[in-house]
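Participant: Next up, model29.txt (compact mmCIF, C-alpha atoms).
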```
# COMPACT_ATOMS: atom_id res chain seq x y z
CA MET A 33 -33.61 10.00 -30.50
CA MET A 34 -36.32 10.25 -27.83
CA GLU A 35 -35.03 7.14 -26.04
CA SER A 36 -31.45 8.47 -25.90
CA GLU A 37 -32.77 11.76 -24.44
CA LYS A 38 -34.83 9.94 -21.82
CA LYS A 39 -31.95 7.79 -20.60
CA PRO A 40 -29.69 10.67 -19.42
CA SER A 41 -32.64 12.49 -17.80
CA SER A 42 -33.82 9.35 -15.95
CA ALA A 43 -30.23 8.67 -14.85
CA ALA A 44 -29.92 12.26 -13.58
CA ILE A 45 -33.19 11.91 -11.65
CA SER A 46 -32.12 8.61 -10.05
CA ASN A 47 -28.69 10.09 -9.20
CA PHE A 48 -30.35 13.09 -7.56
CA GLY A 49 -32.72 10.73 -5.72
CA ALA A 50 -29.79 8.73 -4.33
CA TRP A 51 -28.02 11.88 -3.09
CA ALA A 52 -31.23 13.34 -1.66
CA MET A 53 -32.00 10.08 0.16
CA ASN A 54 -28.50 10.00 1.64
CA ILE A 55 -28.55 13.64 2.80
CA VAL A 56 -32.09 13.53 4.23
CA SER A 57 -31.61 10.17 6.00
CA SER A 58 -28.12 11.09 7.31
CA VAL A 59 -29.24 14.45 8.67
CA GLY A 60 -32.40 12.82 10.08
CA ILE A 61 -30.41 10.10 11.86
CA ILE A 62 -28.02 12.68 13.36
CA MET A 63 -30.97 14.65 14.72
CA ALA A 64 -32.66 11.48 16.09
CA ASN A 65 -29.39 10.28 17.68
CA LYS A 66 -28.77 13.71 19.19
CA GLN A 67 -32.13 13.50 20.94
CA LEU A 68 -31.51 9.87 21.94
CA MET A 69 -27.92 10.20 23.18
CA SER A 70 -27.66 13.71 24.65
CA ASN A 71 -28.05 14.32 28.39
CA ASN A 72 -30.94 16.66 27.61
CA GLY A 73 -32.64 13.81 25.73
CA TYR A 74 -32.69 10.13 26.73
CA ALA A 75 -28.94 9.74 27.58
CA PHE A 76 -28.59 6.49 25.59
CA THR A 77 -24.79 6.65 25.30
CA PHE A 78 -24.23 3.28 23.62
CA ALA A 79 -23.17 4.32 20.11
CA SER A 80 -21.56 1.03 18.97
CA THR A 81 -24.49 -1.08 20.18
CA LEU A 82 -26.93 1.33 18.50
CA THR A 83 -25.00 0.88 15.23
CA GLY A 84 -25.38 -2.88 15.75
CA PHE A 85 -29.16 -2.34 15.96
CA HIS A 86 -28.97 -0.31 12.74
CA PHE A 87 -27.26 -3.12 10.81
CA ALA A 88 -29.54 -5.77 12.37
CA VAL A 89 -32.63 -3.95 11.04
CA THR A 90 -30.91 -3.41 7.67
CA ALA A 91 -30.08 -7.14 7.54
CA LEU A 92 -33.70 -8.00 8.35
CA VAL A 93 -34.94 -5.78 5.51
CA GLY A 94 -32.45 -7.52 3.17
CA ILE A 95 -33.63 -10.99 4.22
CA VAL A 96 -37.29 -10.04 3.69
CA SER A 97 -36.40 -8.48 0.32
CA ASN A 98 -34.63 -11.65 -0.85
CA ALA A 99 -37.43 -13.90 0.45
CA THR A 100 -40.11 -11.92 -1.40
CA GLY A 101 -38.08 -11.90 -4.63
CA TYR A 102 -37.69 -8.12 -4.66
CA SER A 103 -33.90 -8.50 -4.86
CA ALA A 104 -31.73 -11.34 -6.16
CA SER A 105 -28.82 -12.80 -4.22
CA LYS A 106 -25.51 -13.03 -6.09
CA HIS A 107 -22.45 -14.95 -4.97
CA VAL A 108 -19.65 -13.05 -3.24
CA PRO A 109 -16.87 -15.10 -1.55
CA MET A 110 -17.29 -15.24 2.23
CA TRP A 111 -13.69 -14.14 2.84
CA GLU A 112 -14.36 -10.90 0.91
CA LEU A 113 -17.52 -10.25 2.97
CA LEU A 114 -15.69 -10.95 6.24
CA TRP A 115 -12.76 -8.74 5.27
CA PHE A 116 -15.05 -5.89 4.21
CA SER A 117 -17.17 -6.19 7.39
CA MET A 118 -14.07 -6.16 9.56
CA VAL A 119 -12.82 -2.96 7.87
CA ALA A 120 -16.28 -1.34 8.13
CA ASN A 121 -16.62 -2.16 11.85
CA MET A 122 -13.07 -0.96 12.47
CA SER A 123 -14.16 2.32 10.86
CA ILE A 124 -17.17 2.66 13.19
CA THR A 125 -15.24 1.73 16.34
CA GLY A 126 -12.27 3.91 15.35
CA MET A 127 -14.52 6.93 14.85
CA ASN A 128 -16.14 6.42 18.28
CA PHE A 129 -12.72 6.12 19.99
CA SER A 130 -11.38 9.11 18.04
CA LEU A 131 -14.31 11.26 19.20
CA MET A 132 -13.75 10.18 22.82
CA LEU A 133 -9.96 10.59 22.94
CA ASN A 134 -9.54 13.73 20.80
CA SER A 135 -10.83 17.27 21.00
CA VAL A 136 -13.81 18.03 18.74
CA GLY A 137 -11.54 20.21 16.59
CA PHE A 138 -9.03 17.44 15.88
CA TYR A 139 -11.89 14.95 15.30
CA GLN A 140 -13.29 17.27 12.61
CA ILE A 141 -9.84 17.66 11.02
CA SER A 142 -9.45 13.86 10.89
CA LYS A 143 -12.83 13.60 9.13
CA LEU A 144 -11.81 16.28 6.62
CA SER A 145 -8.58 14.41 5.89
CA MET A 146 -10.62 11.53 4.43
CA ILE A 147 -10.98 13.29 1.05
CA PRO A 148 -7.23 13.53 0.30
CA VAL A 149 -6.69 10.06 1.86
CA VAL A 150 -9.35 8.55 -0.45
CA CYS A 151 -7.70 10.29 -3.43
CA VAL A 152 -4.27 8.84 -2.53
CA MET A 153 -5.68 5.36 -1.85
CA GLU A 154 -7.56 5.30 -5.16
CA TRP A 155 -4.34 6.35 -6.91
CA ILE A 156 -2.39 3.54 -5.16
CA LEU A 157 -5.05 0.82 -5.51
CA HIS A 158 -6.66 1.72 -8.86
CA ASN A 159 -4.13 4.08 -10.49
CA LYS A 160 -6.82 6.77 -10.61
CA HIS A 161 -5.74 10.34 -11.43
CA TYR A 162 -7.56 13.63 -10.81
CA SER A 163 -7.49 16.87 -12.76
CA ARG A 164 -6.11 20.11 -11.30
CA GLU A 165 -9.66 21.56 -11.16
CA VAL A 166 -10.93 18.62 -9.07
CA LYS A 167 -7.99 18.90 -6.66
CA MET A 168 -8.53 22.66 -6.24
CA SER A 169 -12.28 22.26 -5.61
CA VAL A 170 -11.60 19.55 -3.01
CA MET A 171 -9.27 21.97 -1.20
CA VAL A 172 -11.98 24.68 -1.22
CA VAL A 173 -14.52 22.25 0.32
CA VAL A 174 -12.02 21.11 2.98
CA ILE A 175 -11.16 24.74 3.89
CA GLY A 176 -14.85 25.73 4.04
CA VAL A 177 -15.94 22.84 6.27
CA GLY A 178 -12.80 23.34 8.37
CA VAL A 179 -13.63 27.02 8.95
CA CYS A 180 -17.19 26.28 10.10
CA THR A 181 -16.48 23.18 12.26
CA VAL A 182 -12.93 23.21 13.62
CA THR A 183 -12.52 24.99 16.96
CA ASP A 184 -10.02 23.83 19.59
CA VAL A 185 -7.37 21.41 18.33
CA LYS A 186 -5.65 19.22 20.93
CA VAL A 187 -3.66 16.14 19.95
CA ASN A 188 -2.50 13.14 21.99
CA LEU A 189 -0.81 9.91 20.90
CA LYS A 190 -3.73 7.54 21.64
CA GLY A 191 -6.24 9.85 19.97
CA PHE A 192 -4.00 10.40 16.97
CA THR A 193 -3.55 6.61 16.52
CA CYS A 194 -7.32 5.99 16.72
CA ALA A 195 -7.97 8.84 14.26
CA CYS A 196 -5.46 7.36 11.78
CA ILE A 197 -7.08 3.90 12.05
CA ALA A 198 -10.55 5.45 11.64
CA VAL A 199 -9.59 7.54 8.59
CA LEU A 200 -7.74 4.71 6.81
CA SER A 201 -10.44 2.08 7.48
CA THR A 202 -13.31 4.43 6.51
CA SER A 203 -11.55 5.43 3.28
CA LEU A 204 -10.78 1.80 2.44
CA GLN A 205 -14.36 0.75 3.20
CA GLN A 206 -15.84 3.39 0.91
CA ILE A 207 -13.47 2.52 -1.94
CA SER A 208 -14.22 -1.20 -1.44
CA ILE A 209 -17.99 -0.65 -1.79
CA GLY A 210 -17.53 0.50 -5.39
CA SER A 211 -14.84 -2.12 -6.13
CA LEU A 212 -16.94 -5.06 -4.91
CA GLN A 213 -20.00 -3.89 -6.84
CA LYS A 214 -17.99 -3.74 -10.08
CA LYS A 215 -16.01 -6.92 -9.43
CA TYR A 216 -19.05 -9.14 -8.82
CA SER A 217 -21.64 -7.15 -10.85
CA ILE A 218 -23.76 -6.87 -7.73
CA GLY A 219 -26.25 -4.15 -6.89
CA SER A 220 -25.83 -1.81 -3.95
CA PHE A 221 -28.73 -3.26 -1.93
CA GLU A 222 -27.67 -6.86 -2.66
CA LEU A 223 -24.14 -6.15 -1.37
CA LEU A 224 -25.49 -4.38 1.70
CA SER A 225 -27.85 -7.28 2.50
CA LYS A 226 -24.83 -9.62 2.48
CA THR A 227 -22.54 -7.49 4.66
CA ALA A 228 -25.15 -6.13 7.12
CA PRO A 229 -25.75 -9.44 9.00
CA ILE A 230 -22.00 -9.93 9.56
CA GLN A 231 -21.53 -6.34 10.73
CA ALA A 232 -24.58 -6.59 13.01
CA LEU A 233 -23.28 -9.81 14.60
CA PHE A 234 -19.84 -8.33 15.34
CA LEU A 235 -21.25 -5.05 16.69
CA LEU A 236 -23.96 -6.61 18.86
CA ILE A 237 -21.38 -8.94 20.46
CA LEU A 238 -18.48 -6.49 20.83
CA GLY A 239 -20.43 -3.20 20.89
CA PRO A 240 -21.52 -3.33 24.57
CA PHE A 241 -17.87 -3.84 25.66
CA VAL A 242 -16.69 -0.94 23.48
CA ASP A 243 -19.49 1.26 24.85
CA TYR A 244 -18.59 0.32 28.44
CA TYR A 245 -14.97 1.32 27.79
CA LEU A 246 -16.07 4.62 26.23
CA SER A 247 -18.81 5.64 28.67
CA GLY A 248 -18.24 3.49 31.77
CA LYS A 249 -21.89 2.39 31.61
CA LEU A 250 -23.47 -1.00 30.92
CA ILE A 251 -26.39 -1.17 28.51
CA THR A 252 -28.04 -3.76 30.80
CA ASN A 253 -28.35 -1.07 33.50
CA TYR A 254 -30.04 1.42 31.17
CA LYS A 255 -33.72 2.05 31.94
CA MET A 256 -35.67 2.07 28.70
CA SER A 257 -38.57 4.48 28.27
CA SER A 258 -41.21 4.62 25.56
CA GLY A 259 -39.58 7.80 24.21
CA ALA A 260 -36.14 6.15 24.00
CA ILE A 261 -37.62 3.09 22.24
CA ALA A 262 -39.42 5.37 19.75
CA CYS A 263 -36.12 7.21 19.04
CA ILE A 264 -34.25 3.90 18.59
CA ILE A 265 -36.91 2.66 16.14
CA LEU A 266 -36.75 5.96 14.22
CA SER A 267 -32.93 5.85 14.20
CA CYS A 268 -32.91 2.24 12.92
CA SER A 269 -35.48 3.03 10.21
CA LEU A 270 -33.47 6.01 8.98
CA ALA A 271 -30.29 3.89 9.12
CA VAL A 272 -31.74 1.50 6.51
CA PHE A 273 -32.19 4.40 4.05
CA CYS A 274 -28.82 5.88 5.04
CA ASN A 275 -26.95 2.58 4.47
CA VAL A 276 -28.74 1.81 1.18
CA SER A 277 -28.19 5.34 -0.16
CA GLN A 278 -24.48 5.25 0.79
CA TYR A 279 -23.96 2.06 -1.24
CA LEU A 280 -26.08 3.53 -4.07
CA CYS A 281 -24.10 6.78 -4.20
CA ILE A 282 -20.65 5.17 -4.10
CA GLY A 283 -21.74 2.56 -6.66
CA ARG A 284 -22.97 5.29 -9.02
CA PHE A 285 -20.21 7.85 -8.49
CA SER A 286 -16.98 7.44 -6.49
CA ALA A 287 -15.74 7.47 -2.91
CA VAL A 288 -14.28 10.97 -3.44
CA SER A 289 -17.58 12.38 -4.76
CA PHE A 290 -19.38 10.77 -1.82
CA GLN A 291 -16.99 12.47 0.62
CA VAL A 292 -17.13 15.90 -1.08
CA LEU A 293 -20.88 16.18 -1.60
CA GLY A 294 -21.40 14.41 1.72
CA HIS A 295 -20.14 17.55 3.45
CA MET A 296 -23.47 19.10 2.45
CA LYS A 297 -24.73 17.08 5.45
CA THR A 298 -22.43 19.10 7.73
CA VAL A 299 -23.98 22.32 6.42
CA CYS A 300 -27.51 20.92 6.90
CA VAL A 301 -26.73 19.65 10.43
CA LEU A 302 -25.34 23.05 11.51
CA THR A 303 -28.37 24.85 10.04
CA LEU A 304 -30.92 22.45 11.59
CA GLY A 305 -29.06 22.52 14.91
CA TRP A 306 -29.52 26.30 14.90
CA LEU A 307 -33.22 26.03 13.92
CA LEU A 308 -34.27 23.09 16.14
CA PHE A 309 -31.84 22.96 19.07
CA ASP A 310 -30.92 26.67 19.52
CA SER A 311 -27.28 25.91 18.66
CA GLU A 312 -25.12 28.99 18.14
CA LEU A 313 -24.51 29.95 14.51
CA THR A 314 -21.67 32.48 14.27
CA PHE A 315 -20.41 34.57 11.34
CA LYS A 316 -17.46 32.12 11.14
CA ASN A 317 -19.91 29.19 10.70
CA ILE A 318 -21.84 31.02 7.99
CA MET A 319 -18.63 31.99 6.13
CA GLY A 320 -17.35 28.40 6.31
CA MET A 321 -20.65 26.99 5.02
CA ALA A 322 -20.67 29.47 2.13
CA ILE A 323 -17.08 28.52 1.16
CA ALA A 324 -17.95 24.80 1.41
CA VAL A 325 -21.03 25.18 -0.82
CA ILE A 326 -18.98 27.16 -3.39
CA GLY A 327 -16.38 24.36 -3.30
CA MET A 328 -19.08 21.75 -3.91
CA ILE A 329 -20.40 23.69 -6.91
CA ILE A 330 -16.85 24.01 -8.32
CA TYR A 331 -16.30 20.28 -7.70
CA SER A 332 -19.47 19.37 -9.61
CA TRP A 333 -18.34 21.58 -12.51
CA ALA A 334 -14.79 20.14 -12.42
CA VAL A 335 -16.05 16.54 -12.47
CA GLU A 336 -18.32 17.36 -15.43
CA VAL A 337 -15.40 18.98 -17.32
CA GLU A 338 -13.18 15.96 -16.56
CA LYS A 339 -15.91 13.59 -17.75
CA LYS A 340 -16.37 15.48 -21.04
CA SER A 341 -12.61 15.55 -21.56
CA ASN A 342 -12.43 11.78 -21.05
CA GLU A 343 -15.35 11.26 -23.45
CA LYS A 344 -13.57 13.34 -26.12
CA THR A 345 -10.38 11.34 -25.64
CA PHE A 346 -12.31 8.08 -25.91
CA HIS A 347 -14.25 9.33 -28.97
CA HIS A 348 -11.03 10.40 -30.69
CA ALA A 349 -9.40 7.04 -29.94
CA LYS A 350 -12.49 5.25 -31.21
CA ASN A 351 -12.51 7.25 -34.46
CA SER A 352 -8.79 6.66 -34.99
CA LEU A 353 -9.30 2.95 -34.49
CA THR A 354 -12.17 2.92 -36.96
CA GLU A 355 -10.07 4.71 -39.59
CA GLU A 356 -7.26 2.21 -39.07
CA GLU A 357 -9.72 -0.67 -39.39
CA ILE A 358 -11.11 0.80 -42.63
CA ARG A 359 -7.60 1.17 -44.07
CA LEU A 360 -6.74 -2.44 -43.22
CA LEU A 361 -10.04 -3.75 -44.56
CA THR A 362 -9.66 -1.77 -47.79
CA ALA A 363 -6.16 -3.16 -48.30
CA SER A 364 -7.40 -6.68 -47.64
CA ILE A 365 -10.44 -6.52 -49.94
CA ASP A 366 -8.20 -6.06 -53.03
CA LYS A 367 -6.58 -9.42 -52.27
CA ILE A 368 -9.79 -11.39 -51.57
CA PRO A 369 -11.85 -12.78 -54.47
CA LEU A 370 -15.45 -11.55 -54.63
CA LYS A 371 -17.78 -14.22 -53.24
CA ASP A 372 -21.45 -14.95 -53.55
CA VAL A 373 -22.86 -14.05 -50.20
CA GLU A 374 -25.52 -16.80 -50.15
CA LEU A 375 -23.55 -19.66 -51.76
CA GLY A 376 -20.11 -18.74 -50.42
CA GLU A 377 -18.59 -19.51 -53.84
CA ASP A 378 -16.26 -17.48 -56.08
CA GLN A 379 -18.14 -15.45 -58.73
CA GLY A 380 -15.47 -16.34 -61.31
CA ASP A 381 -16.06 -20.12 -61.02
```
Can you dump the structure from the file as structure tokens?
Facilitator:
Amino acid sequence: MMESEKKPSSAAISNFGAWAMNIVSSVGIIMANKQLMSNNGYAFTFASTLTGFHFAVTALVGIVSNATGYSASKHVPMWELLWFSMVANMSITGMNFSLMLNSVGFYQISKLSMIPVVCVMEWILHNKHYSREVKMSVMVVVIGVGVCTVTDVKVNLKGFTCACIAVLSTSLQQISIGSLQKKYSIGSFELLSKTAPIQALFLLILGPFVDYYLSGKLITNYKMSSGAIACIILSCSLAVFCNVSQYLCIGRFSAVSFQVLGHMKTVCVLTLGWLLFDSELTFKNIMGMAIAVIGMIIYSWAVEVEKKSNEKTFHHAKNSLTEEEIRLLTASIDKIPLKDVELGEDQGD
């Protein structure tokens, strides 16, 4: 009895740890990158190349982990890794282009659209259905985050196309993380250590060209300072925890849960921006954050209700099957002669 009680509590603690790691590292990396990339900071405007550095450090950690025996390497076909890495890098590049070509308001709307897009894609790819409560809570979260983040909304064809590519590729990438882990029975860190080197290679080769197109600046002309190097090192270190926790969370839960609870990061970023960078925090922001948090609480409750409902259905099906088995066995026993268990011979002989 004690062991069965310990298992759920330890699982809950590890689940909370994964979410906490993701939120803390994600918010931390946003704050570090804001200091690194803003004109008031170090004006390092090479987002794609910086992401290449992130995956290069993550790949290095994975190689060291495998070499020291901390993690085991399992086989995943190279074509699956290449396909996944291509989708993941398309997501990163698409997001950067979307931010450049669209207004901030439309960029935020495109990010919010990922939740319903993930739901539809999971329904198409995995025939996954959601309860009415889950759908309603998702809408509350989307409305709340929309209220506190969306301002001006301007749309153009190029920006709209890039936003669509970014949303579709990001949603597909997040669904694929969970699918690959289940398909090949591979842990989150093991999968990340396989995909990170490929992503790093692509981004470090193509990233400088993408950054030049976006900012009109070459990374070779950037004058590094000790402060910028320190920020890059901090950003790369946080990226390792951010990447690992993302794979952990999606592997443990689902892409939809990751998107919904991930909006807690938006609330944290707005709050910390107000505390650390004197960013304006209006009544509209506060109202939106409150609605979003309420939506997240409702979502957590709705998922728990759905899980219990599924467990009851499974338990009922299991009991029905057991009763059927008993009926069949009872009918069969009358026709089978009683045997000696040890000798395997008929008692009547």
Participant: Pick out the residues sitting within 8 Å of range 86-89 of chain A, and hand them over as a VMD selection string; count all atoms listed in the file, and ignore anything fewer than 6 positions along from it in its own chain.
Facilitator: chain A and resid 228 to 229 231 to 233 267 to 269 271 to 272
Participant: Please determine, counting all atoms listed in the file, which residue among A:Ser341, A:Ser135, A:Asn128, A:Asn253 has the shortest atom-to-atom distance to Cys194 in chain A.
Facilitator: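 Ranked by minimum distance to Cys194 in chain A, first place goes to A:Asn128.
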Participant: What's the 12 Å shell around Met127 in chain A, counting all atoms listed in the file, without same-chain residues fewer than 3 positions away, as a PyMOL selection string?
Facilitator: chain A and resi 79-80+120-124+130-134+136+138-140+142-143+191-202+242+246
Participant: Could you give me, as JSON lines, every range 144-198 of chain A residue with an atom at most 12 Å from range 203-222 of chain A, plus its closest atom pair and distance in Å to one decimal, counting only C-alpha atoms, rows ordered by chain then number?
Facilitator:
```
{"residue": "A:Leu144", "atom": "CA", "partner": "A:Ser203", "partner_atom": "CA", "distance": 11.4}
{"residue": "A:Ser145", "atom": "CA", "partner": "A:Ser203", "partner_atom": "CA", "distance": 9.8}
{"residue": "A:Met146", "atom": "CA", "partner": "A:Ser203", "partner_atom": "CA", "distance": 6.3}
{"residue": "A:Ile147", "atom": "CA", "partner": "A:Ser203", "partner_atom": "CA", "distance": 8.2}
{"residue": "A:Pro148", "atom": "CA", "partner": "A:Ser203", "partner_atom": "CA", "distance": 9.7}
{"residue": "A:Val149", "atom": "CA", "partner": "A:Ser203", "partner_atom": "CA", "distance": 6.9}
{"residue": "A:Val150", "atom": "CA", "partner": "A:Ser203", "partner_atom": "CA", "distance": 5.3}
{"residue": "A:Cys151", "atom": "CA", "partner": "A:Ser203", "partner_atom": "CA", "distance": 9.1}
{"residue": "A:Val152", "atom": "CA", "partner": "A:Ser203", "partner_atom": "CA", "distance": 9.9}
{"residue": "A:Met153", "atom": "CA", "partner": "A:Leu204", "partner_atom": "CA", "distance": 7.6}
{"residue": "A:Glu154", "atom": "CA", "partner": "A:Ile207", "partner_atom": "CA", "distance": 7.3}
{"residue": "A:Trp155", "atom": "CA", "partner": "A:Ile207", "partner_atom": "CA", "distance": 11.1}
{"residue": "A:Ile156", "atom": "CA", "partner": "A:Leu204", "partner_atom": "CA", "distance": 11.5}
{"residue": "A:Leu157", "atom": "CA", "partner": "A:Ile207", "partner_atom": "CA", "distance": 9.3}
{"residue": "A:His158", "atom": "CA", "partner": "A:Ser211", "partner_atom": "CA", "distance": 9.4}
{"residue": "A:Lys160", "atom": "CA", "partner": "A:Ile207", "partner_atom": "CA", "distance": 11.7}
{"residue": "A:Cys196", "atom": "CA", "partner": "A:Ser203", "partner_atom": "CA", "distance": 10.6}
{"residue": "A:Ile197", "atom": "CA", "partner": "A:Ser203", "partner_atom": "CA", "distance": 10.0}
{"residue": "A:Ala198", "atom": "CA", "partner": "A:Ser203", "partner_atom": "CA", "distance": 8.4}
```
Participant: In Å to one decimal, how far is CA of Gly126 in chain A from CA of Leu114 in chain A?
Facilitator: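 Answer for the CA of Leu114 in chain A to CA of Gly126 in chain A separation: 17.8 Å.
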Participant: Tell me which of A:Ile323, A:Glu165, A:Ile329, A:Ala260 sits closest to Asn65 in chain A, counting all atoms listed in the file.
Facilitator: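 Nearest candidate to Asn65 in chain A out of A:Ile323, A:Glu165, A:Ile329, A:Ala260: A:Ala260.
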Participant: A:Leu280, A:Asn317, A:Asn275, A:Leu224: which is nearest Phe116 in chain A, counting only C-alpha atoms?
Facilitator: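 Of A:Leu280, A:Asn317, A:Asn275, A:Leu224, the one nearest Phe116 in chain A, counting only C-alpha atoms, is A:Leu224.
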Participant: I'd like the neighbourhood of Asp243 in chain A as an MDAnalysis selection string, where a residue qualifies if any of its atoms comes within 8 Å (using all atoms listed in the file), though same-chain residues fewer than 5 positions away should be ignored.
Facilitator: chainID A and resid 77:81 248:250
Participant: How about saving the chosen residues, C-alpha atoms kept, as a compact mmCIF listing (two decimals), in the frame of the given file?
Facilitator:
```txt
# COMPACT_ATOMS: atom_id res chain seq x y z
CA THR A 77 -24.79 6.65 25.30
CA PHE A 78 -24.23 3.28 23.62
CA ALA A 79 -23.17 4.32 20.11
CA SER A 80 -21.56 1.03 18.97
CA THR A 81 -24.49 -1.08 20.18
CA GLY A 248 -18.24 3.49 31.77
CA LYS A 249 -21.89 2.39 31.61
CA LEU A 250 -23.47 -1.00 30.92
```
Participant: May I ask which of the residues A:Tyr244, A:Tyr254, A:Phe129, A:Trp51 is the closest one to Val292 in chain A, counting all atoms listed in the file?
Facilitator: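 Looking at the shortest contact to Val292 in chain A, the residue is A:Trp51.
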Participant: For Ser163 in chain A, which residue among A:Val337, A:Ile326, A:Ile175, A:Val93 is the nearest when counting only C-alpha atoms?
Facilitator: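 Checking each candidate against Ser163 in chain A, we get A:Val337 as the closest.
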Participant: Any idea what's packed within 12 Å of Lys66 in chain A, counting only C-alpha atoms, ignoring anything in its chain fewer than 3 positions away? Could you give it as a PDB file with C-alpha atoms, in the frame of the given file?
Facilitator:
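Saved as part-v2.pdb:
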```pdb
ATOM      1  CA  VAL A  59     -29.240  14.450   8.670  1.00  0.00           C
ATOM      2  CA  GLY A  60     -32.400  12.820  10.080  1.00  0.00           C
ATOM      3  CA  ILE A  61     -30.410  10.100  11.860  1.00  0.00           C
ATOM      4  CA  ILE A  62     -28.020  12.680  13.360  1.00  0.00           C
ATOM      5  CA  MET A  63     -30.970  14.650  14.720  1.00  0.00           C
ATOM      6  CA  MET A  69     -27.920  10.200  23.180  1.00  0.00           C
ATOM      7  CA  SER A  70     -27.660  13.710  24.650  1.00  0.00           C
ATOM      8  CA  ASN A  71     -28.050  14.320  28.390  1.00  0.00           C
ATOM      9  CA  ASN A  72     -30.940  16.660  27.610  1.00  0.00           C
ATOM     10  CA  GLY A  73     -32.640  13.810  25.730  1.00  0.00           C
ATOM     11  CA  TYR A  74     -32.690  10.130  26.730  1.00  0.00           C
ATOM     12  CA  ALA A  75     -28.940   9.740  27.580  1.00  0.00           C
ATOM     13  CA  PHE A  76     -28.590   6.490  25.590  1.00  0.00           C
ATOM     14  CA  THR A  77     -24.790   6.650  25.300  1.00  0.00           C
ATOM     15  CA  ALA A  79     -23.170   4.320  20.110  1.00  0.00           C
ATOM     16  CA  ALA A 260     -36.140   6.150  24.000  1.00  0.00           C
ATOM     17  CA  CYS A 263     -36.120   7.210  19.040  1.00  0.00           C
ATOM     18  CA  ILE A 264     -34.250   3.900  18.590  1.00  0.00           C
ATOM     19  CA  SER A 267     -32.930   5.850  14.200  1.00  0.00           C
ATOM     20  CA  VAL A 301     -26.730  19.650  10.430  1.00  0.00           C
ATOM     21  CA  LEU A 304     -30.920  22.450  11.590  1.00  0.00           C
ATOM     22  CA  GLY A 305     -29.060  22.520  14.910  1.00  0.00           C
ATOM     23  CA  LEU A 308     -34.270  23.090  16.140  1.00  0.00           C
ATOM     24  CA  PHE A 309     -31.840  22.960  19.070  1.00  0.00           C
TER      25      PHE A 309
END
```
Participant: Provide the CA of Lys316 in chain A to CA of Leu68 in chain A distance in Å, to one decimal place.
Facilitator: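 Result for CA of Lys316 in chain A versus CA of Leu68 in chain A: 28.4 Å, one decimal.
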Participant: Could you check how far CA of Val288 in chain A sits from CA of Phe315 in chain A, in Å to one decimal?
Facilitator: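 Between CA of Val288 in chain A and CA of Phe315 in chain A the gap works out to 28.5 Å.
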Participant: Kindly indicate which residue among A:Ser277, A:Thr125, A:Ser103, A:Ser169 lies nearest to Tyr245 in chain A, using only C-alpha atoms for the distances.
Facilitator: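 When distances to Tyr245 in chain A are compared using only C-alpha atoms, the smallest one comes from A:Thr125.
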Participant: May I have the residues within 12 Å of Met296 in chain A as a PDB file with C-alpha atoms, in the frame of the given file, using all atoms listed in the file and disregarding those fewer than 2 positions away in the same chain?
Facilitator:
```
ATOM      1  CA  TRP A  51     -28.020  11.880  -3.090  1.00  0.00           C
ATOM      2  CA  ALA A  52     -31.230  13.340  -1.660  1.00  0.00           C
ATOM      3  CA  ASN A  54     -28.500  10.000   1.640  1.00  0.00           C
ATOM      4  CA  ILE A  55     -28.550  13.640   2.800  1.00  0.00           C
ATOM      5  CA  VAL A  56     -32.090  13.530   4.230  1.00  0.00           C
ATOM      6  CA  SER A  58     -28.120  11.090   7.310  1.00  0.00           C
ATOM      7  CA  VAL A  59     -29.240  14.450   8.670  1.00  0.00           C
ATOM      8  CA  VAL A 173     -14.520  22.250   0.320  1.00  0.00           C
ATOM      9  CA  VAL A 174     -12.020  21.110   2.980  1.00  0.00           C
ATOM     10  CA  GLY A 176     -14.850  25.730   4.040  1.00  0.00           C
ATOM     11  CA  VAL A 177     -15.940  22.840   6.270  1.00  0.00           C
ATOM     12  CA  SER A 289     -17.580  12.380  -4.760  1.00  0.00           C
ATOM     13  CA  PHE A 290     -19.380  10.770  -1.820  1.00  0.00           C
ATOM     14  CA  GLN A 291     -16.990  12.470   0.620  1.00  0.00           C
ATOM     15  CA  VAL A 292     -17.130  15.900  -1.080  1.00  0.00           C
ATOM     16  CA  LEU A 293     -20.880  16.180  -1.600  1.00  0.00           C
ATOM     17  CA  GLY A 294     -21.400  14.410   1.720  1.00  0.00           C
ATOM     18  CA  THR A 298     -22.430  19.100   7.730  1.00  0.00           C
ATOM     19  CA  VAL A 299     -23.980  22.320   6.420  1.00  0.00           C
ATOM     20  CA  CYS A 300     -27.510  20.920   6.900  1.00  0.00           C
ATOM     21  CA  VAL A 301     -26.730  19.650  10.430  1.00  0.00           C
ATOM     22  CA  LEU A 302     -25.340  23.050  11.510  1.00  0.00           C
ATOM     23  CA  THR A 303     -28.370  24.850  10.040  1.00  0.00           C
ATOM     24  CA  GLY A 320     -17.350  28.400   6.310  1.00  0.00           C
ATOM     25  CA  MET A 321     -20.650  26.990   5.020  1.00  0.00           C
ATOM     26  CA  ALA A 322     -20.670  29.470   2.130  1.00  0.00           C
ATOM     27  CA  ILE A 323     -17.080  28.520   1.160  1.00  0.00           C
ATOM     28  CA  ALA A 324     -17.950  24.800   1.410  1.00  0.00           C
ATOM     29  CA  VAL A 325     -21.030  25.180  -0.820  1.00  0.00           C
ATOM     30  CA  ILE A 326     -18.980  27.160  -3.390  1.00  0.00           C
ATOM     31  CA  GLY A 327     -16.380  24.360  -3.300  1.00  0.00           C
ATOM     32  CA  MET A 328     -19.080  21.750  -3.910  1.00  0.00           C
ATOM     33  CA  ILE A 329     -20.400  23.690  -6.910  1.00  0.00           C
TER      34      ILE A 329
END
```
